[in-house]
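Notes follow once the structure below has been shown.
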Amino acid sequence: MTNQSDLFKYLLHLGDNALIHSYRLSELCSRGPFLEEDLALTNIALDQIGRASSFLKYAGEIEGKGRTEDDLAYKRGERQFYNHLITELPNGDFAYTIAKQLILSTYDVLLFTELSNSKDETIAGISSKVLKEVRYHFVHARDWCYRLGLGTELSHTKLQNAINEIWMFTGELFESDETYNDLYSKGIAVNTNSLKAKWLENITEVLTKSEINIPNVDYMQSGGKQGIHTEYLGHLLTEMQYLQRAYPNAKW
Amino acid sequence: MDTQLDLWEVFIQSKIGAHHVHAGSVHASDAQMALQNARDTYTRRNEGSSIWVVPSKFVVASTTNDAEMFFEPANDKIYRHPTFYVMPEGAKQI
Amino acid sequence: MNVAAIENDFQQKIDKDLFIEPKDAMPDKYREHLIRQISQHAHSEVIGMQPEGNWINRAPSLRAKQILLAKIQDEAGHGLYLYSAAETLNISREELIAQLHSGKAKYSNIFNYPALTWADIGAIGWLVDGAAIVNQVSLQRTSYGPYARAMFRICKEESFHQRQGYEIMAHMMNGTAEQKEMAQDAMNRWWWPSLMMFGPHDSDSPNSGNAFKWKIKRKGNDELRQKFIDKTVQQAEVIGLTVPDPDLKWNDEKQCYDYGEIDWDEFNKVISGNGPCNKQRINHHIKYHNEGAWVREAALAYSQKIQPNAI
């Protein structure tokens with residue numbers, strides 16, 4: 001028998017990653033480098049909101065207390081969010097966005113390839129749909145890496161700086177979490193530690209072709225999966241949850 | 001410096017087997033970007049199963065001023081249409 | 001052909017309700033009028049992303065957020081279709097944007113008002129998009145082919161915009177006292193600016209003579225405004241909102257609503273740059289357009305490297 005509260009937390013983790021990531025992407029709406037790219041980034045944000053919605057809805061069902069995806073998105077506090085720290089980092093320039101997209105979409109393709117074979121049918125179903133989306137996200141990020149990496153000296157510098165800055169948030173993606181040992185062994189969840197080598201290989205291929213170096217980082221940040229976040233998350237939630245918190249009796 | 005990207009014409013095939021039909025245009029600096037921008041702009045509502053993109057500068061168009069000499073000579077060539085021919089009564093499947 | 005012959009030929013086509021296409025001969029004034037109108041329309045779509053964008057990350061549910069984001073994205077798309085239509089007239093998007101930034105080109109006044117509460121998102125969708133659609137439907141038969149085709153696609157896609165706004169308003173009018181108050185307040189603030197979107201009375205509209213002759217414009221400002229009022233008042237009644245116009249009443253003889261006089265001083269104040277958000281909107285656009293320059297330069301440089309002789 002699967003421990004339902006572990007599964008609940010795992011689903012929150014999957015949902016929160018998409019929810020918080022979509023928040024940052026949504027902030028870019030009307031701020032793209034040109035109109036076509038504005039539409040492209042918005043499409044990615046919409047995919048992520050859809051993904052968050054599916055996983056949080058299922059999380060609510062597993063919890064069995066009648067909470068909806070909106071209850072879970074809008075009425076939890078900072079310490080009950082389990083997203084990776086990288087998703088909550090404030091937006092920088094376009095190179096920063098692309099660096100983040102490359103790191104996360106490379107990871108997502110591997111993760112959702114595995115999760116579409118999850119023994120949990122609902123997770124498998126959501127994940128096969130998500131896999132198609134994230135494959136496109138990867139292609140979008142990869143091609144922009146080539147353009148920025150090989151484009152001008154300025155774009156190359158900006159992309160290299162972005163990769164350098166963000167790299168210390170990549171370690172967390174591959175930490176195995178013993179909370180989930182049972183889910184791993186039952187083939188429901190994926191121990192992402194097993195994806196690390198392949199991820200590094202895939203991302204190295206893109207970065208090398210873009211003439212970008214992988215930085216040496218002494219220390220990796222982590223904590224998101226345990227609900228220990230950056231200071232940025234609190235502000236993000238303050239904005240996101242404003243209406244739900246200010247008018248607790250209202251339905252929208 | 002002028003930083004505008006090139007203009008591309010977008011043709012969308014609504015379902016497999018159908019013709020590609022002109023949908024509009026996008027700006028892009030290379031072919032892959034043109035395809036992706038066309039996808040993100042013109043297939044948001046499930047309109048497509050395939051996309052062509054062509055640099056706009058390669059499109060050559062006839063003008064309405066040419067229309068008379070281009071198209072009207074075809075008007076009286078009614079023998080190109082099957083309804084022109086009178087078939088003997090009783091003949092089937094023709 | 002001399003100028004008079006070209007114009008004569010052109011007017012004959014127009015009178016036969018034929019579409020004018022990019023490579024066709026056309027009077028310079030027609031081209032200029034189109035560039036001004038289409039680009040103003042395109043800029044309006046793009047600047048219009050800002051007031052609503054202000055609320056994406058405060059949308060109160062995941063569904064509301066998806067809808068709003070998709071709607072704003074449509075506006076980007078519609079701006080893009082319209083820029084493309086304008087570009088067929090031998091002017092580049094870069095030039096059009098430069099005209100926006102210099103103030104030479106305008107955008108719709110309505111986006112110089114702030115979106116203050118969530119109910120404003122309802123009011124913008126229902127009233128502002130509702131007013132825009134009335135105008136856009138009539139433009140599907142405008143005489144310039146690329147503009148008409150862009151309008152056709154836009155109308156098809158925008159049909160959900162007004163409904164989503166009205167749904168938000170209906171929901172709030174069904175909600176708590178605070179929500180109702182918020183909805184009515186938004187109605188009060190957006191009603192009059194929405195009526196101003198149709199422009200001055202036809203009797204005061206300086207540019208419309210040629211626009212009608214060339215069939216760029218198919219219907220007058222007052223006729224379109226009346227159409228909008230007549231359908232919207234009923235919708236307001238259904239959900240219990242009051243239209244903030246004490247002079248509004250049904251005219252049985254004319255079979256339409258009589259309405260109070262629009263505050264044209266306010267209209268002129270905003271149009272001349274003194275609305276609450278004029279500077280904010282244009283500065284936002286300039287800032288992100290300029291910040292994007294290095295990205296566009298990099299993309300161009302890259303394309304030269306990978307396919308120097310291709311195009």
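Following the order of the structure tokens, chains are lettered A, B, ..., residues in each are numbered from 1, and ligands are numbered from 1.
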Subject >> Backbone-only DSSP, alpha helix (DSSP H) members of region 43-263 of chain C, as an MDAnalysis selection string >> reply: chainID C and resid 43:47 49:53 62:87 93:102 118:123 129:139 145:173 177:196 208:213 221:239
Residues from the last selection, C-alpha atoms, saved as a CSV table (one decimal), in the first residue's frame:
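Here's the written file selection_6.csv:
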chain,number,residue,atom,x,y,z
C,43,HIS,CA,-0.2,49.5,-31.7
C,44,SER,CA,-3.4,49.4,-29.9
C,45,GLU,CA,-3.4,45.6,-29.7
C,46,VAL,CA,0.2,45.6,-28.4
C,47,ILE,CA,-0.2,48.5,-25.9
C,49,MET,CA,-1.5,43.9,-23.5
C,50,GLN,CA,-0.2,46.1,-20.6
C,51,PRO,CA,-3.3,46.9,-18.5
C,52,GLU,CA,-4.4,43.3,-18.5
C,53,GLY,CA,-0.8,42.0,-18.2
C,62,LEU,CA,-5.6,28.8,-12.4
C,63,ARG,CA,-8.4,28.8,-14.9
C,64,ALA,CA,-8.7,32.6,-14.8
C,65,LYS,CA,-5.0,32.9,-15.2
C,66,GLN,CA,-4.9,30.6,-18.2
C,67,ILE,CA,-7.8,32.5,-19.9
C,68,LEU,CA,-6.3,35.9,-19.2
C,69,LEU,CA,-2.8,34.9,-20.5
C,70,ALA,CA,-4.3,33.3,-23.6
C,71,LYS,CA,-6.3,36.4,-24.2
C,72,ILE,CA,-3.3,38.7,-23.9
C,73,GLN,CA,-1.4,36.4,-26.1
C,74,ASP,CA,-4.1,36.7,-28.7
C,75,GLU,CA,-3.6,40.5,-28.6
C,76,ALA,CA,0.1,40.1,-29.3
C,77,GLY,CA,-0.9,37.8,-32.2
C,78,HIS,CA,-3.4,40.3,-33.5
C,79,GLY,CA,-0.9,43.1,-33.3
C,80,LEU,CA,1.4,40.8,-35.3
C,81,TYR,CA,-1.2,40.2,-38.0
C,82,LEU,CA,-1.9,43.9,-38.3
C,83,TYR,CA,1.8,44.8,-38.5
C,84,SER,CA,2.1,42.2,-41.3
C,85,ALA,CA,-0.8,43.8,-43.1
C,86,ALA,CA,0.8,47.2,-42.8
C,87,GLU,CA,4.2,45.8,-43.9
C,93,ARG,CA,7.7,47.0,-38.5
C,94,GLU,CA,10.8,48.8,-37.2
C,95,GLU,CA,9.6,52.0,-38.8
C,96,LEU,CA,6.1,51.6,-37.5
C,97,ILE,CA,7.5,51.0,-34.0
C,98,ALA,CA,9.7,54.1,-34.3
C,99,GLN,CA,6.6,56.1,-35.2
C,100,LEU,CA,4.9,54.8,-32.1
C,101,HIS,CA,7.8,55.7,-29.9
C,102,SER,CA,8.1,59.2,-31.4
C,118,TRP,CA,-9.8,42.3,-10.8
C,119,ALA,CA,-13.2,43.6,-12.0
C,120,ASP,CA,-11.4,45.8,-14.4
C,121,ILE,CA,-10.3,42.6,-16.2
C,122,GLY,CA,-14.0,41.8,-16.6
C,123,ALA,CA,-14.8,45.3,-17.7
C,129,ASP,CA,-13.2,44.2,-26.4
C,130,GLY,CA,-16.9,44.4,-27.0
C,131,ALA,CA,-16.6,47.9,-28.4
C,132,ALA,CA,-13.5,46.9,-30.4
C,133,ILE,CA,-15.4,43.9,-31.9
C,134,VAL,CA,-18.2,46.1,-33.2
C,135,ASN,CA,-15.7,48.1,-35.1
C,136,GLN,CA,-13.7,45.1,-36.2
C,137,VAL,CA,-16.6,43.3,-37.6
C,138,SER,CA,-17.4,46.2,-39.9
C,139,LEU,CA,-13.7,46.3,-41.0
C,145,GLY,CA,-7.2,42.9,-48.9
C,146,PRO,CA,-4.5,42.2,-46.3
C,147,TYR,CA,-6.3,44.4,-43.7
C,148,ALA,CA,-9.6,42.7,-44.3
C,149,ARG,CA,-8.1,39.2,-44.0
C,150,ALA,CA,-6.3,40.2,-40.8
C,151,MET,CA,-9.6,41.5,-39.5
C,152,PHE,CA,-11.4,38.3,-40.4
C,153,ARG,CA,-8.9,36.2,-38.5
C,154,ILE,CA,-9.0,38.6,-35.6
C,155,CYS,CA,-12.8,38.6,-35.3
C,156,LYS,CA,-12.8,34.8,-35.4
C,157,GLU,CA,-10.3,34.6,-32.5
C,158,GLU,CA,-11.7,37.4,-30.5
C,159,SER,CA,-15.1,36.0,-30.1
C,160,PHE,CA,-14.1,34.5,-26.8
C,161,HIS,CA,-12.7,37.7,-25.4
C,162,GLN,CA,-15.9,39.5,-24.7
C,163,ARG,CA,-17.5,36.4,-23.3
C,164,GLN,CA,-14.7,35.9,-20.8
C,165,GLY,CA,-15.0,39.5,-19.6
C,166,TYR,CA,-18.7,39.2,-19.2
C,167,GLU,CA,-18.4,35.9,-17.4
C,168,ILE,CA,-16.1,37.6,-14.8
C,169,MET,CA,-18.6,40.4,-14.3
C,170,ALA,CA,-21.5,38.0,-14.0
C,171,HIS,CA,-19.6,35.9,-11.5
C,172,MET,CA,-18.8,38.9,-9.4
C,173,MET,CA,-22.3,40.3,-9.5
C,177,ALA,CA,-21.1,42.6,-1.5
C,178,GLU,CA,-17.5,43.6,-1.9
C,179,GLN,CA,-17.4,41.8,-5.3
C,180,LYS,CA,-20.6,43.5,-6.5
C,181,GLU,CA,-19.2,46.9,-5.5
C,182,MET,CA,-16.0,46.2,-7.3
C,183,ALA,CA,-17.8,45.2,-10.4
C,184,GLN,CA,-20.1,48.3,-10.4
C,185,ASP,CA,-17.0,50.5,-9.8
C,186,ALA,CA,-15.3,49.1,-12.8
C,187,MET,CA,-18.4,49.6,-14.9
C,188,ASN,CA,-18.5,53.2,-13.8
C,189,ARG,CA,-14.9,53.8,-14.8
C,190,TRP,CA,-14.9,51.9,-18.1
C,191,TRP,CA,-18.3,52.8,-19.6
C,192,TRP,CA,-17.6,56.3,-20.9
C,193,PRO,CA,-14.0,55.6,-22.1
C,194,SER,CA,-15.5,52.6,-24.0
C,195,LEU,CA,-18.0,54.9,-25.8
C,196,MET,CA,-15.1,57.2,-26.7
C,208,SER,CA,-13.5,60.3,-42.7
C,209,GLY,CA,-14.4,61.7,-46.1
C,210,ASN,CA,-11.8,59.8,-48.0
C,211,ALA,CA,-12.0,56.8,-45.7
C,212,PHE,CA,-15.6,56.3,-46.8
C,213,LYS,CA,-14.9,57.1,-50.5
C,221,ASN,CA,-18.6,56.3,-35.6
C,222,ASP,CA,-22.0,57.1,-34.3
C,223,GLU,CA,-23.7,54.2,-36.0
C,224,LEU,CA,-21.2,51.8,-34.5
C,225,ARG,CA,-21.4,53.4,-31.1
C,226,GLN,CA,-25.1,53.1,-31.1
C,227,LYS,CA,-24.9,49.5,-32.0
C,228,PHE,CA,-22.6,48.8,-29.1
C,229,ILE,CA,-24.8,50.7,-26.6
C,230,ASP,CA,-27.9,48.9,-27.7
C,231,LYS,CA,-26.5,45.4,-27.2
C,232,THR,CA,-24.5,46.2,-24.1
C,233,VAL,CA,-27.3,47.8,-22.0
C,234,GLN,CA,-29.3,44.7,-22.1
C,235,GLN,CA,-26.3,42.6,-21.0
C,236,ALA,CA,-25.7,45.0,-18.0
C,237,GLU,CA,-29.3,44.6,-16.9
C,238,VAL,CA,-29.2,40.8,-17.0
C,239,ILE,CA,-26.4,40.7,-14.4
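Interface residues on chain B toward chain A (cut-off 10 Å, only C-alpha atoms): Gln4, Leu5, Val26, His27, Ala28, Ser29, Asp30, Gln32, Met33, Ala34, Gln36, Asn37, Ala38, Arg39, Asp40, Thr41 and Arg44 of chain B.
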Per residue of chain C within 6 Å of chain A, which atom pair is closest and at what distance in Å (one decimal), using only C-alpha atoms, listed by chain and increasing number, as a tab-separated table?
residue	atom	partner	partner_atom	distance
C:Asn57	CA	A:Met240	CA	5.4
C:Arg58	CA	A:Met240	CA	4.8
C:Pro60	CA	A:Leu243	CA	5.8
C:Ser61	CA	A:Asp70	CA	5.8
C:Gln73	CA	A:Leu39	CA	5.9
C:Tyr288	CA	A:Arg31	CA	5.5
C:Gly292	CA	A:Pro33	CA	3.8
C:Ala298	CA	A:Gly151	CA	4.2
C:Ala299	CA	A:Arg147	CA	5.4
C:Ala301	CA	A:Gly151	CA	5.0
C:Tyr302	CA	A:Gly151	CA	4.3
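Closest approach to Leu104 (chain A) among A:Tyr232, A:Phe174, A:Tyr180, A:Tyr10 is made by A:Phe174 (distances from only C-alpha atoms).
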**OP:** Point out the residue among C:Gly275, C:Pro27, C:Pro22, C:Pro200 with the least atom-to-atom distance to chain B, counting only C-alpha atoms.
**Re:** C:Pro22
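Note that CA of Ile6 (chain C) and CA of Ala42 (chain C) are 28.8 Å apart.
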Subject >> Neighbour list for region 57-64 of chain A as a PyMOL selection string, cut-off 7 Å, only C-alpha atoms, skip fewer than 4 positions in-chain >> reply: chain A and resi 4-5+8+11-12+53+68-69
12 Å contact set for Ile123 (chain A), only C-alpha atoms, chain neighbours under 3 positions out, as an mmCIF file with N, CA and C atoms, in the first residue's frame:
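File produced: around32.cif:
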data_model
loop_
_atom_site.group_PDB
_atom_site.id
_atom_site.type_symbol
_atom_site.label_atom_id
_atom_site.label_comp_id
_atom_site.auth_asym_id
_atom_site.auth_seq_id
_atom_site.Cartn_x
_atom_site.Cartn_y
_atom_site.Cartn_z
ATOM 1 N N LEU A 7 2.792 10.372 -1.579
ATOM 2 C CA LEU A 7 2.368 10.599 -2.962
ATOM 3 C C LEU A 7 1.817 12.015 -3.118
ATOM 4 N N PHE A 8 1.047 12.437 -2.122
ATOM 5 C CA PHE A 8 0.497 13.802 -2.115
ATOM 6 C C PHE A 8 1.625 14.825 -2.247
ATOM 7 N N TYR A 10 4.650 14.362 -3.277
ATOM 8 C CA TYR A 10 5.351 14.233 -4.566
ATOM 9 C C TYR A 10 4.588 14.960 -5.678
ATOM 10 N N LEU A 11 3.275 14.834 -5.636
ATOM 11 C CA LEU A 11 2.450 15.508 -6.647
ATOM 12 C C LEU A 11 2.504 17.029 -6.480
ATOM 13 N N LEU A 14 5.654 18.103 -8.153
ATOM 14 C CA LEU A 14 5.528 18.190 -9.618
ATOM 15 C C LEU A 14 4.666 19.398 -10.018
ATOM 16 N N GLY A 15 3.587 19.619 -9.291
ATOM 17 C CA GLY A 15 2.697 20.733 -9.605
ATOM 18 C C GLY A 15 3.363 22.073 -9.320
ATOM 19 N N ARG A 51 -0.063 22.131 -16.780
ATOM 20 C CA ARG A 51 0.601 21.024 -16.080
ATOM 21 C C ARG A 51 0.400 21.159 -14.566
ATOM 22 N N SER A 54 -3.107 20.146 -13.588
ATOM 23 C CA SER A 54 -3.337 18.693 -13.589
ATOM 24 C C SER A 54 -2.740 18.007 -12.365
ATOM 25 N N PHE A 55 -1.497 18.338 -12.053
ATOM 26 C CA PHE A 55 -0.854 17.657 -10.913
ATOM 27 C C PHE A 55 -1.471 18.088 -9.581
ATOM 28 N N LEU A 56 -1.808 19.365 -9.460
ATOM 29 C CA LEU A 56 -2.393 19.819 -8.183
ATOM 30 C C LEU A 56 -3.806 19.257 -7.997
ATOM 31 N N LYS A 57 -4.520 19.149 -9.080
ATOM 32 C CA LYS A 57 -5.866 18.560 -8.994
ATOM 33 C C LYS A 57 -5.761 17.117 -8.496
ATOM 34 N N TYR A 58 -4.833 16.396 -9.082
ATOM 35 C CA TYR A 58 -4.657 15.005 -8.670
ATOM 36 C C TYR A 58 -4.159 14.933 -7.222
ATOM 37 N N ALA A 59 -3.286 15.867 -6.855
ATOM 38 C CA ALA A 59 -2.808 15.909 -5.465
ATOM 39 C C ALA A 59 -3.990 16.057 -4.512
ATOM 40 N N ILE A 62 -5.794 12.789 -4.160
ATOM 41 C CA ILE A 62 -5.042 11.822 -3.350
ATOM 42 C C ILE A 62 -5.141 12.192 -1.865
ATOM 43 N N LEU A 111 12.735 13.564 -17.317
ATOM 44 C CA LEU A 111 11.827 13.218 -16.223
ATOM 45 C C LEU A 111 10.488 12.691 -16.751
ATOM 46 N N PHE A 112 9.920 13.409 -17.704
ATOM 47 C CA PHE A 112 8.575 13.010 -18.136
ATOM 48 C C PHE A 112 8.597 11.828 -19.104
ATOM 49 N N THR A 113 9.762 11.562 -19.715
ATOM 50 C CA THR A 113 9.893 10.306 -20.452
ATOM 51 C C THR A 113 9.728 9.150 -19.470
ATOM 52 N N GLU A 114 10.407 9.253 -18.316
ATOM 53 C CA GLU A 114 10.296 8.203 -17.291
ATOM 54 C C GLU A 114 8.897 8.174 -16.691
ATOM 55 N N LEU A 115 8.389 9.352 -16.346
ATOM 56 C CA LEU A 115 7.097 9.388 -15.643
ATOM 57 C C LEU A 115 5.926 8.961 -16.541
ATOM 58 N N SER A 116 6.121 9.030 -17.853
ATOM 59 C CA SER A 116 4.998 8.559 -18.678
ATOM 60 C C SER A 116 4.877 7.041 -18.624
ATOM 61 N N ASN A 117 5.882 6.392 -17.995
ATOM 62 C CA ASN A 117 5.754 4.959 -17.733
ATOM 63 C C ASN A 117 5.476 4.673 -16.263
ATOM 64 N N SER A 118 5.074 5.690 -15.516
ATOM 65 C CA SER A 118 4.818 5.490 -14.088
ATOM 66 C C SER A 118 3.757 4.422 -13.880
ATOM 67 N N LYS A 119 3.908 3.683 -12.773
ATOM 68 C CA LYS A 119 2.908 2.665 -12.441
ATOM 69 C C LYS A 119 1.595 3.315 -12.002
ATOM 70 N N ASP A 120 1.668 4.584 -11.644
ATOM 71 C CA ASP A 120 0.436 5.313 -11.338
ATOM 72 C C ASP A 120 -0.148 5.826 -12.657
ATOM 73 N N ILE A 126 -0.881 12.147 -17.399
ATOM 74 C CA ILE A 126 -0.500 13.568 -17.431
ATOM 75 C C ILE A 126 0.881 13.711 -18.069
ATOM 76 N N SER A 127 1.776 12.797 -17.699
ATOM 77 C CA SER A 127 3.169 12.934 -18.145
ATOM 78 C C SER A 127 3.331 12.716 -19.641
ATOM 79 N N SER A 128 2.537 11.823 -20.228
ATOM 80 C CA SER A 128 2.697 11.650 -21.683
ATOM 81 C C SER A 128 2.270 12.907 -22.422
ATOM 82 N N LYS A 129 1.279 13.589 -21.888
ATOM 83 C CA LYS A 129 0.856 14.852 -22.509
ATOM 84 C C LYS A 129 1.954 15.909 -22.309
ATOM 85 N N VAL A 130 2.459 15.971 -21.071
ATOM 86 C CA VAL A 130 3.498 16.964 -20.756
ATOM 87 C C VAL A 130 4.753 16.729 -21.595
ATOM 88 N N LEU A 131 5.065 15.464 -21.835
ATOM 89 C CA LEU A 131 6.290 15.136 -22.583
ATOM 90 C C LEU A 131 6.295 15.809 -23.950
ATOM 91 N N GLY A 187 7.960 2.168 -8.658
ATOM 92 C CA GLY A 187 7.871 2.641 -10.053
ATOM 93 C C GLY A 187 6.844 3.733 -10.242
ATOM 94 N N ILE A 188 6.459 4.407 -9.138
ATOM 95 C CA ILE A 188 5.481 5.496 -9.252
ATOM 96 C C ILE A 188 6.190 6.824 -9.509
ATOM 97 N N ALA A 189 7.225 7.071 -8.712
ATOM 98 C CA ALA A 189 8.014 8.300 -8.868
ATOM 99 C C ALA A 189 9.370 7.951 -9.481
ATOM 100 N N VAL A 190 10.106 8.981 -9.882
ATOM 101 C CA VAL A 190 11.427 8.769 -10.473
ATOM 102 C C VAL A 190 12.493 9.352 -9.562
#
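Straight-line separation from CA of Ile94 (chain B) to CA of Glu72 (chain B): 29.4 Å.
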Subject >> From B:Asn65, B:Ser14, B:Asn75, B:Ser25, residue lying nearest Asn46 (chain B) [only C-alpha atoms] >> reply: B:Ser14
